[in-house]
$ cat start.txt   # compact mmCIF, C-alpha atoms and all ligand atoms
# COMPACT_ATOMS: atom_id res chain seq x y z
CA MET A 7 -3.46 -73.48 -6.54
CA THR A 8 -1.69 -70.55 -4.93
CA ASP A 9 -0.91 -70.01 -1.28
CA SER A 10 -2.82 -67.23 0.38
CA HIS A 11 0.10 -66.01 2.51
CA THR A 12 -0.24 -62.29 2.24
CA PRO A 13 3.30 -60.93 2.32
CA PRO A 14 5.58 -62.79 -0.12
CA ASP A 15 6.91 -65.90 1.55
CA LEU A 16 10.33 -65.04 2.99
CA ARG A 17 11.16 -68.71 3.28
CA GLN A 18 11.45 -69.06 -0.47
CA SER A 19 14.20 -66.47 -0.77
CA LEU A 20 16.01 -68.04 2.18
CA GLY A 21 15.89 -71.47 0.59
CA LEU A 22 13.80 -72.88 3.44
CA ARG A 23 11.00 -75.32 2.78
CA PRO A 24 7.53 -73.73 3.10
CA VAL A 25 6.29 -76.23 5.67
CA ILE A 26 2.64 -76.36 6.66
CA ASN A 27 2.28 -77.16 10.34
CA VAL A 28 -0.47 -79.63 11.22
CA SER A 29 1.69 -80.98 14.01
CA GLY A 30 1.13 -78.56 16.89
CA THR A 31 3.19 -75.89 18.60
CA MET A 32 6.58 -77.47 17.99
CA THR A 33 9.92 -75.81 18.66
CA SER A 34 11.24 -77.86 15.74
CA LEU A 35 8.84 -76.06 13.37
CA GLY A 36 9.15 -72.56 14.82
CA ALA A 37 6.58 -72.92 17.64
CA SER A 38 3.55 -70.85 16.61
CA ILE A 39 2.23 -68.00 14.50
CA VAL A 40 3.20 -64.96 16.58
CA VAL A 41 0.17 -62.68 16.97
CA PRO A 42 0.34 -59.30 15.16
CA GLU A 43 0.14 -57.41 18.50
CA ALA A 44 3.36 -59.08 19.65
CA VAL A 45 5.10 -58.57 16.32
CA ALA A 46 4.25 -54.85 16.41
CA ALA A 47 5.36 -54.44 20.02
CA MET A 48 8.63 -56.19 19.33
CA SER A 49 9.58 -54.16 16.31
CA ALA A 50 8.60 -50.93 18.07
CA ILE A 51 10.83 -51.55 21.09
CA LEU A 52 13.85 -53.00 19.32
CA PRO A 53 15.54 -49.68 18.42
CA GLN A 54 14.91 -48.14 21.88
CA PHE A 55 16.82 -48.30 25.14
CA VAL A 56 14.86 -49.21 28.22
CA GLU A 57 15.62 -49.91 31.85
CA ILE A 58 15.19 -53.62 31.59
CA ASN A 59 14.09 -54.25 35.17
CA ASP A 60 11.33 -51.67 34.74
CA LEU A 61 10.16 -53.59 31.69
CA HIS A 62 10.27 -56.80 33.75
CA LYS A 63 8.17 -55.02 36.40
CA MET A 64 5.59 -54.15 33.74
CA ALA A 65 5.14 -57.82 32.91
CA SER A 66 4.37 -58.79 36.49
CA PRO A 67 0.86 -57.30 36.91
CA VAL A 68 -0.17 -58.55 33.46
CA ILE A 69 0.97 -62.07 34.30
CA ALA A 70 -0.70 -61.77 37.71
CA ARG A 71 -3.99 -60.67 36.14
CA LEU A 72 -4.06 -63.52 33.62
CA THR A 73 -2.87 -66.29 35.93
CA GLY A 74 -4.40 -65.26 39.23
CA GLY A 75 -0.89 -65.37 40.74
CA GLU A 76 0.61 -62.61 42.88
CA ALA A 77 3.49 -61.84 40.50
CA GLY A 78 5.29 -63.06 37.43
CA PHE A 79 8.20 -62.59 35.07
CA VAL A 80 9.34 -63.75 31.68
CA THR A 81 12.40 -65.83 30.93
CA ALA A 82 13.86 -67.64 27.92
CA SER A 83 11.49 -70.59 27.89
CA CYS A 84 9.32 -72.77 30.07
CA SER A 85 12.29 -75.08 30.29
CA ALA A 86 14.37 -72.21 31.70
CA GLY A 87 11.47 -71.50 34.05
CA ILE A 88 11.83 -74.99 35.54
CA SER A 89 15.52 -74.40 36.34
CA LEU A 90 14.90 -70.89 37.73
CA ALA A 91 11.90 -71.87 39.85
CA VAL A 92 13.76 -74.85 41.29
CA ALA A 93 16.78 -72.62 41.98
CA ALA A 94 14.48 -70.18 43.79
CA THR A 95 13.29 -72.88 46.15
CA MET A 96 16.90 -73.69 47.03
CA THR A 97 18.43 -70.21 47.39
CA GLY A 98 15.56 -67.92 48.32
CA ASN A 99 16.90 -64.35 48.02
CA ASP A 100 20.45 -65.24 49.12
CA LEU A 101 22.50 -63.53 46.40
CA ALA A 102 25.70 -65.34 47.37
CA ALA A 103 23.94 -68.71 47.08
CA ILE A 104 22.46 -67.59 43.74
CA GLU A 105 25.98 -66.90 42.43
CA ARG A 106 27.27 -70.24 43.75
CA LEU A 107 24.74 -72.38 41.86
CA PRO A 108 24.91 -75.03 40.50
CA ASP A 109 27.01 -75.69 43.62
CA THR A 110 24.31 -76.41 46.19
CA ALA A 111 26.55 -77.01 49.22
CA GLY A 112 24.62 -76.15 52.35
CA LEU A 113 21.26 -75.84 50.54
CA LYS A 114 18.26 -78.12 50.38
CA ASP A 115 18.70 -79.66 46.95
CA GLU A 116 16.23 -82.50 46.43
CA VAL A 117 13.36 -82.03 44.01
CA ILE A 118 10.62 -84.62 43.88
CA ILE A 119 8.90 -85.65 40.67
CA GLN A 120 6.61 -88.55 39.79
CA THR A 121 8.39 -91.06 37.52
CA GLY A 122 5.46 -90.92 35.07
CA HIS A 123 6.13 -87.18 34.67
CA VAL A 124 9.75 -87.57 33.63
CA VAL A 125 9.16 -87.05 29.91
CA SER A 126 10.99 -85.34 27.10
CA TYR A 127 9.61 -82.18 25.51
CA GLY A 128 12.67 -82.13 23.25
CA ALA A 129 14.93 -82.40 26.30
CA PRO A 130 14.39 -84.32 29.54
CA VAL A 131 12.24 -82.65 32.23
CA ASP A 132 14.60 -83.85 34.95
CA GLN A 133 17.53 -82.16 33.22
CA GLY A 134 15.70 -78.84 33.62
CA ILE A 135 15.69 -79.59 37.35
CA ARG A 136 19.32 -80.76 37.46
CA LEU A 137 20.63 -77.74 35.57
CA SER A 138 20.08 -75.68 38.71
CA GLY A 139 22.29 -78.04 40.70
CA ALA A 140 19.33 -79.79 42.31
CA ARG A 141 18.92 -83.54 42.37
CA ALA A 142 15.76 -85.00 40.87
CA VAL A 143 14.18 -87.58 43.17
CA LEU A 144 11.89 -89.83 41.14
CA ILE A 145 8.97 -91.33 43.05
CA GLY A 146 6.68 -94.25 42.22
CA GLN A 147 6.85 -96.15 38.96
CA ALA A 148 6.10 -95.15 35.38
CA THR A 149 2.40 -95.99 35.69
CA SER A 150 1.76 -95.87 39.43
CA CYS A 151 2.41 -93.30 42.08
CA TYR A 152 0.53 -92.86 45.35
CA PRO A 153 0.54 -90.26 48.10
CA TYR A 154 2.67 -92.57 50.28
CA HIS A 155 5.46 -92.38 47.68
CA LEU A 156 5.36 -88.61 47.97
CA GLU A 157 5.12 -88.54 51.77
CA GLY A 158 7.96 -91.05 52.03
CA ALA A 159 10.26 -88.99 49.80
CA ILE A 160 9.88 -85.66 51.61
CA ASN A 161 12.69 -84.99 54.08
CA GLU A 162 14.75 -82.08 55.42
CA ARG A 163 16.68 -81.87 52.12
CA THR A 164 13.53 -81.48 50.00
CA ALA A 165 13.51 -78.10 48.24
CA ALA A 166 10.50 -78.49 45.95
CA ALA A 167 8.29 -80.84 44.00
CA VAL A 168 7.67 -80.55 40.26
CA PHE A 169 4.41 -81.54 38.57
CA VAL A 170 4.17 -81.81 34.77
CA VAL A 171 0.98 -81.29 32.78
CA SER A 172 1.39 -82.73 29.30
CA HIS A 173 0.04 -85.26 26.83
CA HIS A 174 3.52 -86.81 27.04
CA THR A 175 3.09 -87.86 30.69
CA VAL A 176 1.42 -91.07 31.80
CA GLN A 177 -2.28 -90.20 31.95
CA TYR A 178 -3.41 -92.67 34.64
CA GLY A 179 -2.30 -94.14 37.95
CA LEU A 180 -0.51 -90.99 39.15
CA ILE A 181 -1.21 -88.43 41.88
CA ALA A 182 -3.45 -85.58 40.70
CA LEU A 183 -2.30 -82.02 41.28
CA LYS A 184 -4.70 -81.13 44.11
CA LYS A 185 -3.64 -84.10 46.21
CA PHE A 186 0.02 -83.63 45.23
CA ALA A 187 -0.08 -80.02 46.45
CA GLU A 188 -1.97 -80.96 49.62
CA VAL A 189 0.68 -83.53 50.63
CA CYS A 190 3.55 -81.16 49.75
CA HIS A 191 2.05 -78.19 51.58
CA ALA A 192 1.42 -80.22 54.73
CA ARG A 193 5.23 -80.60 54.85
CA GLY A 194 6.07 -77.07 53.72
CA VAL A 195 7.27 -78.09 50.24
CA PRO A 196 6.53 -75.68 47.36
CA VAL A 197 5.00 -77.08 44.17
CA ILE A 198 6.17 -76.03 40.70
CA VAL A 199 3.85 -76.90 37.81
CA ASP A 200 5.15 -77.18 34.26
CA ALA A 201 2.06 -76.23 32.25
CA ALA A 202 4.01 -75.16 29.15
CA SER A 203 1.40 -76.12 26.64
CA GLU A 204 -1.84 -75.50 28.53
CA TYR A 205 -4.55 -72.96 27.64
CA ASP A 206 -5.87 -72.54 31.16
CA LEU A 207 -3.63 -69.95 32.77
CA LYS A 208 -5.37 -70.03 36.15
CA ILE A 209 -6.29 -73.58 37.06
CA PHE A 210 -2.91 -74.85 38.27
CA LEU A 211 -2.30 -72.01 40.70
CA ALA A 212 -5.94 -72.38 41.78
CA GLN A 213 -5.33 -76.08 42.43
CA GLY A 214 -2.45 -75.34 44.76
CA ALA A 215 0.68 -74.74 42.65
CA ASP A 216 3.06 -72.19 44.18
CA ILE A 217 4.56 -71.54 40.75
CA ALA A 218 3.02 -72.25 37.35
CA LEU A 219 5.13 -72.15 34.20
CA TYR A 220 3.94 -71.55 30.65
CA SER A 221 5.58 -71.11 27.25
CA SER A 222 5.01 -67.74 25.57
CA HIS A 223 5.48 -69.27 22.14
CA LYS A 224 2.85 -72.00 22.27
CA PHE A 225 -0.90 -71.28 22.36
CA LEU A 226 -0.32 -67.69 23.47
CA GLY A 227 1.31 -66.87 20.14
CA GLY A 228 4.08 -64.87 21.75
CA PRO A 229 7.78 -64.76 20.95
CA THR A 230 10.00 -67.53 22.32
CA GLY A 231 9.83 -67.20 26.09
CA GLY A 232 8.64 -68.71 29.33
CA ILE A 233 6.24 -67.30 31.89
CA VAL A 234 6.87 -67.79 35.61
CA ALA A 235 3.78 -67.00 37.71
CA GLY A 236 2.75 -67.52 41.30
CA ARG A 237 3.56 -66.56 44.87
CA LYS A 238 5.37 -63.24 44.96
CA GLU A 239 8.17 -64.32 47.31
CA LEU A 240 9.07 -67.32 45.18
CA VAL A 241 8.68 -65.45 41.90
CA ARG A 242 11.06 -62.80 43.22
CA SER A 243 13.62 -65.45 44.20
CA ALA A 244 13.29 -66.97 40.73
CA PHE A 245 13.70 -63.54 39.12
CA LEU A 246 16.89 -62.92 41.14
CA GLN A 247 18.43 -65.96 39.45
CA ASN A 248 18.97 -63.62 36.49
CA MET A 249 22.12 -62.63 38.39
CA GLY A 250 23.20 -66.27 38.35
CA ILE A 251 22.20 -69.27 36.28
CA GLY A 252 19.42 -67.23 34.67
CA ARG A 253 21.92 -65.05 32.80
CA GLY A 254 22.24 -67.58 30.01
CA MET A 255 18.45 -67.80 29.88
CA LYS A 256 17.81 -64.09 29.54
CA LEU A 257 15.31 -62.47 27.23
CA GLY A 258 15.82 -59.21 25.39
CA LYS A 259 13.50 -56.22 25.66
CA GLU A 260 11.62 -57.32 22.54
CA SER A 261 10.63 -60.69 23.93
CA ILE A 262 9.59 -59.29 27.30
CA LEU A 263 7.35 -56.72 25.63
CA GLY A 264 6.25 -59.20 22.98
CA THR A 265 5.09 -61.60 25.68
CA ILE A 266 3.17 -58.84 27.46
CA ALA A 267 1.47 -57.99 24.15
CA ALA A 268 0.66 -61.65 23.49
CA LEU A 269 -0.89 -62.02 26.95
CA GLU A 270 -3.02 -58.93 26.45
CA ALA A 271 -4.08 -60.20 23.02
CA TRP A 272 -4.96 -63.56 24.57
CA GLU A 273 -7.43 -61.83 26.88
CA LYS A 274 -9.23 -60.36 23.87
CA ARG A 275 -8.91 -63.28 21.51
CA ASP A 276 -12.10 -64.65 19.93
CA HIS A 277 -11.54 -68.15 21.31
CA ALA A 278 -14.94 -69.45 20.16
CA GLY A 279 -14.45 -68.10 16.64
CA ILE A 280 -11.03 -69.72 16.39
CA ARG A 281 -12.40 -73.05 17.61
CA GLU A 282 -15.11 -72.90 14.99
CA LYS A 283 -12.59 -72.27 12.23
CA GLU A 284 -10.44 -75.16 13.47
CA THR A 285 -13.47 -77.46 13.55
CA GLY A 286 -14.08 -76.49 9.92
CA TYR A 287 -10.55 -77.61 9.00
CA LEU A 288 -10.97 -80.91 10.82
CA ASN A 289 -14.27 -81.58 9.07
CA LEU A 290 -12.73 -80.79 5.69
CA TRP A 291 -9.90 -83.27 6.24
CA LYS A 292 -12.23 -85.91 7.64
CA GLN A 293 -14.44 -85.53 4.60
CA THR A 294 -11.40 -85.77 2.30
CA LEU A 295 -10.43 -89.05 3.95
CA THR A 296 -13.92 -90.57 3.94
CA GLY A 297 -14.06 -93.60 1.68
CA LYS A 298 -10.29 -93.80 1.15
CA PRO A 299 -9.31 -97.48 1.36
CA GLY A 300 -7.82 -98.47 4.73
CA VAL A 301 -8.10 -95.01 6.28
CA THR A 302 -10.23 -94.06 9.28
CA ALA A 303 -10.40 -90.49 10.53
CA GLU A 304 -11.87 -89.49 13.86
CA ILE A 305 -12.00 -86.18 15.68
CA GLU A 306 -10.57 -86.52 19.19
CA PRO A 307 -10.38 -84.10 22.12
CA ASP A 308 -7.02 -82.92 23.48
CA PRO A 309 -5.69 -85.36 26.11
CA THR A 310 -5.04 -82.64 28.71
CA ASN A 311 -8.41 -80.94 28.21
CA ASN A 312 -7.24 -77.95 26.22
CA PRO A 313 -10.16 -76.56 24.19
CA LEU A 314 -8.83 -78.13 21.02
CA ASP A 315 -9.60 -81.19 18.91
CA ARG A 316 -7.36 -83.07 16.53
CA LEU A 317 -8.03 -85.51 13.71
CA ARG A 318 -6.72 -89.00 14.36
CA VAL A 319 -5.88 -90.67 11.06
CA SER A 320 -5.52 -94.45 11.30
CA VAL A 321 -4.00 -96.23 8.36
CA ASN A 322 -4.35 -99.92 7.57
CA ALA A 323 -1.32 -100.53 5.36
CA GLN A 324 -2.74 -103.69 3.75
CA GLU A 325 -5.71 -101.75 2.41
CA SER A 326 -4.21 -98.30 1.83
CA HIS A 327 -0.88 -99.69 0.52
CA ILE A 328 1.10 -97.39 2.81
CA THR A 329 2.01 -97.35 6.51
CA ALA A 330 1.05 -94.42 8.73
CA TRP A 331 4.67 -93.32 9.05
CA ASP A 332 5.40 -93.62 5.33
CA LEU A 333 2.29 -91.53 4.67
CA ALA A 334 3.54 -88.94 7.19
CA ASP A 335 6.92 -88.88 5.43
CA ALA A 336 5.32 -88.64 1.99
CA LEU A 337 3.18 -85.69 3.11
CA ALA A 338 6.32 -83.98 4.42
CA ARG A 339 8.00 -84.08 1.00
CA GLY A 340 7.46 -81.99 -2.10
CA ALA A 341 6.63 -78.38 -2.87
CA HIS A 342 4.00 -78.12 -0.12
CA PRO A 343 5.41 -80.12 2.79
CA VAL A 344 2.72 -80.97 5.36
CA ILE A 345 4.10 -81.95 8.77
CA VAL A 346 1.70 -84.10 10.79
CA ARG A 347 1.78 -84.99 14.49
CA ASP A 348 3.40 -88.40 14.41
CA HIS A 349 4.56 -89.21 17.98
CA GLU A 350 2.59 -92.46 17.85
CA ALA A 351 2.98 -93.38 14.16
CA GLU A 352 4.43 -96.80 15.02
CA HIS A 353 0.93 -97.77 16.15
CA GLY A 354 -0.49 -97.05 12.71
CA TYR A 355 -1.94 -93.58 13.22
CA PHE A 356 -1.04 -89.94 13.37
CA TYR A 357 -2.85 -86.77 14.33
CA MET A 358 -3.56 -83.59 12.44
CA ASP A 359 -3.57 -80.44 14.55
CA PRO A 360 -5.59 -77.51 13.20
CA CYS A 361 -4.28 -74.64 15.33
CA ASN A 362 -1.26 -73.37 13.42
CA LEU A 363 -2.60 -72.81 9.93
CA HIS A 364 -2.73 -69.71 7.80
CA PRO A 365 -6.03 -69.29 5.94
CA GLY A 366 -6.09 -71.41 2.80
CA GLU A 367 -3.47 -73.90 3.98
CA GLU A 368 -6.21 -76.29 5.08
CA LYS A 369 -7.11 -76.80 1.44
CA ILE A 370 -3.52 -77.55 0.48
CA VAL A 371 -3.43 -80.08 3.31
CA ALA A 372 -6.60 -81.75 2.03
CA ARG A 373 -5.18 -81.88 -1.48
CA ARG A 374 -1.91 -83.40 -0.27
CA LEU A 375 -3.80 -86.10 1.65
CA HIS A 376 -5.78 -86.93 -1.47
CA GLU A 377 -2.66 -87.00 -3.67
CA GLU A 378 -0.48 -89.16 -1.44
CA LEU A 379 -3.21 -91.66 -0.60
CA GLY A 380 -4.13 -91.85 -4.30
CA LYS A 381 -0.50 -92.64 -5.21
CA ALA A 382 -0.35 -95.32 -2.52
CA THR A 383 -3.59 -97.01 -3.56
CA ALA A 384 -2.38 -97.07 -7.17
CA SER A 385 0.91 -98.62 -6.12
CA ASN A 386 1.26 -102.35 -6.75
CA GLU A 387 3.21 -102.91 -3.59
CA ILE A 388 2.71 -101.80 -0.03
CA ILE A 389 4.88 -98.81 0.84
CA SER A 390 6.37 -99.93 4.11
CA THR A 391 9.83 -98.95 5.30
CA PRO A 392 11.05 -100.45 8.60
CA PHE A 393 9.96 -98.10 11.36
CA GLU A 394 13.35 -98.16 13.13
CA GLU A 395 15.02 -96.77 10.01
CA ARG A 396 13.06 -93.57 10.45
CA TYR A 397 14.72 -92.80 13.78
CA ALA A 398 18.09 -93.91 12.48
CA ARG A 399 17.71 -91.46 9.58
CA ARG A 400 16.83 -88.59 11.94
CA ILE A 401 19.82 -89.23 14.16
CA ALA A 402 22.12 -89.63 11.18
CA GLY A 403 20.88 -86.26 9.89
CA LEU A 404 21.67 -84.62 13.24
CA MET A 405 25.13 -86.14 13.29
CA ARG A 406 25.87 -84.60 9.89
CA TRP A 407 24.82 -81.11 11.03
CA PRO A 408 25.55 -78.49 9.67
CA ASP A 409 26.13 -80.42 6.45
C1 LIG B 1 6.95 -77.45 25.37
C2 LIG B 1 7.07 -77.95 26.73
C3 LIG B 1 8.14 -77.57 27.54
C4 LIG B 1 9.25 -76.74 27.02
O1 LIG B 1 8.81 -75.46 26.86
P1 LIG B 1 9.78 -74.38 26.20
O2 LIG B 1 9.14 -73.09 26.57
O3 LIG B 1 9.76 -74.64 24.75
O4 LIG B 1 11.10 -74.57 26.85
C5 LIG B 1 8.18 -77.99 28.83
N1 LIG B 1 7.21 -78.78 29.33
C6 LIG B 1 6.17 -79.18 28.59
C7 LIG B 1 5.09 -80.01 29.23
C8 LIG B 1 6.05 -78.78 27.26
O5 LIG B 1 5.01 -79.15 26.52
$ encode --input "start.txt" --output "structure tokens" --more "lines below"
Ligand SMILES: *Cc1c(COP(=O)(O)O)cnc(C)c1O
Amino acid sequence: MTDSHTPPDLRQSLGLRPVINVSGTMTSLGASIVVPEAVAAMSAILPQFVEINDLHKMASPVIARLTGGEAGFVTASCSAGISLAVAATMTGNDLAAIERLPDTAGLKDEVIIQTGHVVSYGAPVDQGIRLSGARAVLIGQATSCYPYHLEGAINERTAAAVFVVSHHTVQYGLIALKKFAEVCHARGVPVIVDAASEYDLKIFLAQGADIALYSSHKFLGGPTGGIVAGRKELVRSAFLQNMGIGRGMKLGKESILGTIAALEAWEKRDHAGIREKETGYLNLWKQTLTGKPGVTAEIEPDPTNNPLDRLRVSVNAQESHITAWDLADALARGAHPVIVRDHEAEHGYFYMDPCNLHPGEEKIVARRLHEELGKATASNEIISTPFEERYARRIAGLMRWPD
């Protein structure tokens, strides 16, 4: 079987493994397939000089149109957006204060966040807050937070409140955004929503966020970047942080224009057609897994209501002769490494995400599933490595970097 990548695969000549991403939009795998419109815009602008703030100005109405916000700009990442938006709530347009950060002497510097929202997207959410010099004030407990926790935490030092939308957060027992914003606004506290990985570009501002943050490089298929959208005054104060802590988070001309192009392409994208294609992949894999001993495959909706389904593959090691995590690791080896979504593998299942495939790769994925499960079933013993060793191996690998 041959891959159907059209241009010859650059990865081969670089000595990089030709991974197939059924994991999701992961920084660790190169985020997403950048849309051709963004690729073209980026290569066209790279050799040219531009007045960068004019280019930034161009992004604002496009972001405003797509998000329903008053203004917007692009920075290095959604993570950078958290630090810049928080900084904006502390400094406003005070250029001297902007240059003094992360020294917050004389400024409001407390930022409230529900404990169940303090997750890691590869780095801790609260660190994104603290990088600006602010202090993260955690309210409630991991699985319970009520409006009284929020009301009780707001005081004269409160600069902002951060709300995180993600499958990583606790999905019950917490304050929903509308109520969160209502309580904050009654006390004059701006609300920053981290919606890095969400398809709906309008709903969070519509539900009361003052700033909504998105990643350019996730579903939008843009270059690596972060989108800051919302109330013009606050967006401006966040933009001015480019003369301070934002300097190290800057984007070049190519990524600013690339993000604009990705946003414009998003408006015209055939979302229904893409969904249909993805459903086809899921059905193919489900069919491949039907009847395999010890394996159950079910199509599940996205936990944060993105218009996207994934295949949940549950593995009974006694019957299939392999654990879910050993199957994930086996799929990730070989000439066609398939990387599955394995955040919860210790519970005996993983997910397969259909939204980052090149045409034809779905068949390779199906074949790899068939091969690895066949090998396991034929094995006389159960392939089961201790789960903790998996993490230990990953950390050990990092500690050896770059060797
Ligand atoms: C991916 C993600 C981030 C980080 O976004 P980057 O743009 O990659 O920095 C932040 N928050 C959430 C909820 C995410 O899913």
$ residues_near_ligand --input "start.txt" --ligand "ligand LIG 1 (chain B)" --cutoff "7 Å" --atoms "all atoms listed in the file" --output "list of chain:residue names"
A:Thr33, A:Ser83, A:Cys84, A:Ser85, A:Ala86, A:Tyr127, A:Val131, A:Val170, A:Val171, A:Ser172, A:Asp200, A:Ala201, A:Ala202, A:Ser203, A:Tyr220, A:Ser221, A:Ser222, A:His223, A:Gly231, A:Gly232
$ write_last_selection --input "start.txt" --atoms "C-alpha atoms" --output "tab-separated table (two decimals), in the frame of the given file"
chain	number	residue	atom	x	y	z
A	33	THR	CA	9.92	-75.81	18.66
A	83	SER	CA	11.49	-70.59	27.89
A	84	CYS	CA	9.32	-72.77	30.07
A	85	SER	CA	12.29	-75.08	30.29
A	86	ALA	CA	14.37	-72.21	31.70
A	127	TYR	CA	9.61	-82.18	25.51
A	131	VAL	CA	12.24	-82.65	32.23
A	170	VAL	CA	4.17	-81.81	34.77
A	171	VAL	CA	0.98	-81.29	32.78
A	172	SER	CA	1.39	-82.73	29.30
A	200	ASP	CA	5.15	-77.18	34.26
A	201	ALA	CA	2.06	-76.23	32.25
A	202	ALA	CA	4.01	-75.16	29.15
A	203	SER	CA	1.40	-76.12	26.64
A	220	TYR	CA	3.94	-71.55	30.65
A	221	SER	CA	5.58	-71.11	27.25
A	222	SER	CA	5.01	-67.74	25.57
A	223	HIS	CA	5.48	-69.27	22.14
A	231	GLY	CA	9.83	-67.20	26.09
A	232	GLY	CA	8.64	-68.71	29.33
$ residues_around --input "start.txt" --residues "Lys256 in chain A" --least-positions-apart "3" --cutoff "9 Å" --atoms "only C-alpha atoms" --output "list in words"
Val80, Thr81, Ala82, Asn248, Gly252 and Arg253 of chain A
$ atom_distance --input "start.txt" --atom1 "CA of Ala187 in chain A" --atom2 "CA of Ser150 in chain A"
17.4 Å
$ closest_residue --input "start.txt" --among "A:Asp348, A:Asp60, A:Asp15, A:Asp100" --to "Ile262 in chain A" --atoms "only C-alpha atoms"
A:Asp60
$ residues_around --input "start.txt" --residues "Trp331 in chain A" --least-positions-apart "6" --cutoff "9 Å" --atoms "all atoms listed in the file" --output "PyMOL selection string"
chain A and resi 348+351-352+354-356+390-391+393+396
$ residues_around --input "start.txt" --residues "Thr296 in chain A" --least-positions-apart "6" --cutoff "12 Å" --atoms "all atoms listed in the file" --output "list of chain:residue names"
A:Asn289, A:Leu290, A:Thr302, A:Ala303, A:Glu304, A:Val319, A:Ser320, A:Ala372, A:Leu375, A:His376, A:Leu379
$ atom_distance --input "start.txt" --atom1 "CA of Gly227 in chain A" --atom2 "CA of Ala268 in chain A"
6.2 Å
$ residues_around --input "start.txt" --residues "range 164-169 of chain A" --least-positions-apart "4" --cutoff "8 Å" --atoms "all atoms listed in the file" --output "ChimeraX atom specification"
/A:92,95-96,114-120,123,160,183,190,195-200
$ residues_around --input "start.txt" --residues "range 358-364 of chain A" --least-positions-apart "4" --cutoff "8 Å" --atoms "only C-alpha atoms" --output "list in words"
Ser10, His11, Ile26, Asn27, Val28, Ser29, Gly30, Thr31, Ser38, Ile39, Glu284, Thr285, Tyr287, Leu288, Asp315, Arg316, Leu317, Arg318, Val319, Val346, Arg347 and Glu368 of chain A
$ residues_near_point --input "start.txt" --point "(-1.9, -80.2, 24.4)" --cutoff "6 Å" --atoms "all atoms listed in the file" --output "list of chain:residue names"
A:His173, A:Ser203, A:Asp308, A:Thr310
$ atom_distance --input "start.txt" --atom1 "CA of Ala140 in chain A" --atom2 "CA of Leu107 in chain A"
9.2 Å
$ axis_aligned_box --input "start.txt" --around "range 320-333 of chain A" --padding-each-side "3 Å" --output "lines of an AutoDock Vina configuration file"
center_x = -0.2
center_y = -97.6
center_z = 5.9
size_x = 17.1
size_y = 18.2
size_z = 16.8
$ closest_residue --input "start.txt" --among "A:Leu156, A:Ala398, A:Leu226, A:Ala341" --to "Leu22 in chain A" --atoms "all atoms listed in the file"
A:Ala341
$ closest_residue --input "start.txt" --among "A:Glu394, A:Glu306, A:Glu282, A:Glu162" --to "Tyr357 in chain A" --atoms "only C-alpha atoms"
A:Glu306
$ residues_near_point --input "start.txt" --point "(4.2, -58.0, 22.5)" --cutoff "6 Å" --atoms "all atoms listed in the file" --output "list in words"
Glu43, Ala44, Ala47, Met48, Leu263, Gly264, Thr265, Ile266, Ala267 and Ala268 of chain A
$ closest_residue --input "start.txt" --among "A:Ala182, A:Ile88, A:Leu16, A:Val234" --to "Gly214 in chain A" --atoms "all atoms listed in the file"
A:Ala182
$ build_atoms --input "start.txt" --residues "range 65-75 of chain A" --atoms "N, CA and C atoms" --output "PDB file, in the coordinates of the input"
ATOM      1  N   ALA A  65       5.726 -56.512  33.247  1.00  0.00           N
ATOM      2  CA  ALA A  65       5.140 -57.820  32.910  1.00  0.00           C
ATOM      3  C   ALA A  65       4.418 -58.417  34.108  1.00  0.00           C
ATOM      4  N   SER A  66       4.892 -58.103  35.304  1.00  0.00           N
ATOM      5  CA  SER A  66       4.370 -58.790  36.490  1.00  0.00           C
ATOM      6  C   SER A  66       2.857 -58.636  36.697  1.00  0.00           C
ATOM      7  N   PRO A  67       2.313 -57.398  36.697  1.00  0.00           N
ATOM      8  CA  PRO A  67       0.860 -57.300  36.910  1.00  0.00           C
ATOM      9  C   PRO A  67       0.041 -57.926  35.783  1.00  0.00           C
ATOM     10  N   VAL A  68       0.573 -57.919  34.570  1.00  0.00           N
ATOM     11  CA  VAL A  68      -0.170 -58.550  33.460  1.00  0.00           C
ATOM     12  C   VAL A  68      -0.220 -60.060  33.674  1.00  0.00           C
ATOM     13  N   ILE A  69       0.928 -60.624  34.032  1.00  0.00           N
ATOM     14  CA  ILE A  69       0.970 -62.070  34.300  1.00  0.00           C
ATOM     15  C   ILE A  69       0.071 -62.394  35.495  1.00  0.00           C
ATOM     16  N   ALA A  70       0.127 -61.537  36.515  1.00  0.00           N
ATOM     17  CA  ALA A  70      -0.700 -61.770  37.710  1.00  0.00           C
ATOM     18  C   ALA A  70      -2.187 -61.756  37.333  1.00  0.00           C
ATOM     19  N   ARG A  71      -2.577 -60.786  36.512  1.00  0.00           N
ATOM     20  CA  ARG A  71      -3.990 -60.670  36.140  1.00  0.00           C
ATOM     21  C   ARG A  71      -4.461 -61.914  35.368  1.00  0.00           C
ATOM     22  N   LEU A  72      -3.625 -62.389  34.447  1.00  0.00           N
ATOM     23  CA  LEU A  72      -4.060 -63.520  33.620  1.00  0.00           C
ATOM     24  C   LEU A  72      -3.977 -64.858  34.318  1.00  0.00           C
ATOM     25  N   THR A  73      -3.063 -64.973  35.294  1.00  0.00           N
ATOM     26  CA  THR A  73      -2.870 -66.290  35.930  1.00  0.00           C
ATOM     27  C   THR A  73      -3.524 -66.386  37.293  1.00  0.00           C
ATOM     28  N   GLY A  74      -3.893 -65.232  37.867  1.00  0.00           N
ATOM     29  CA  GLY A  74      -4.400 -65.260  39.230  1.00  0.00           C
ATOM     30  C   GLY A  74      -3.284 -65.375  40.258  1.00  0.00           C
ATOM     31  N   GLY A  75      -2.021 -65.344  39.804  1.00  0.00           N
ATOM     32  CA  GLY A  75      -0.890 -65.370  40.740  1.00  0.00           C
ATOM     33  C   GLY A  75      -0.635 -63.986  41.312  1.00  0.00           C
TER      34      GLY A  75
END
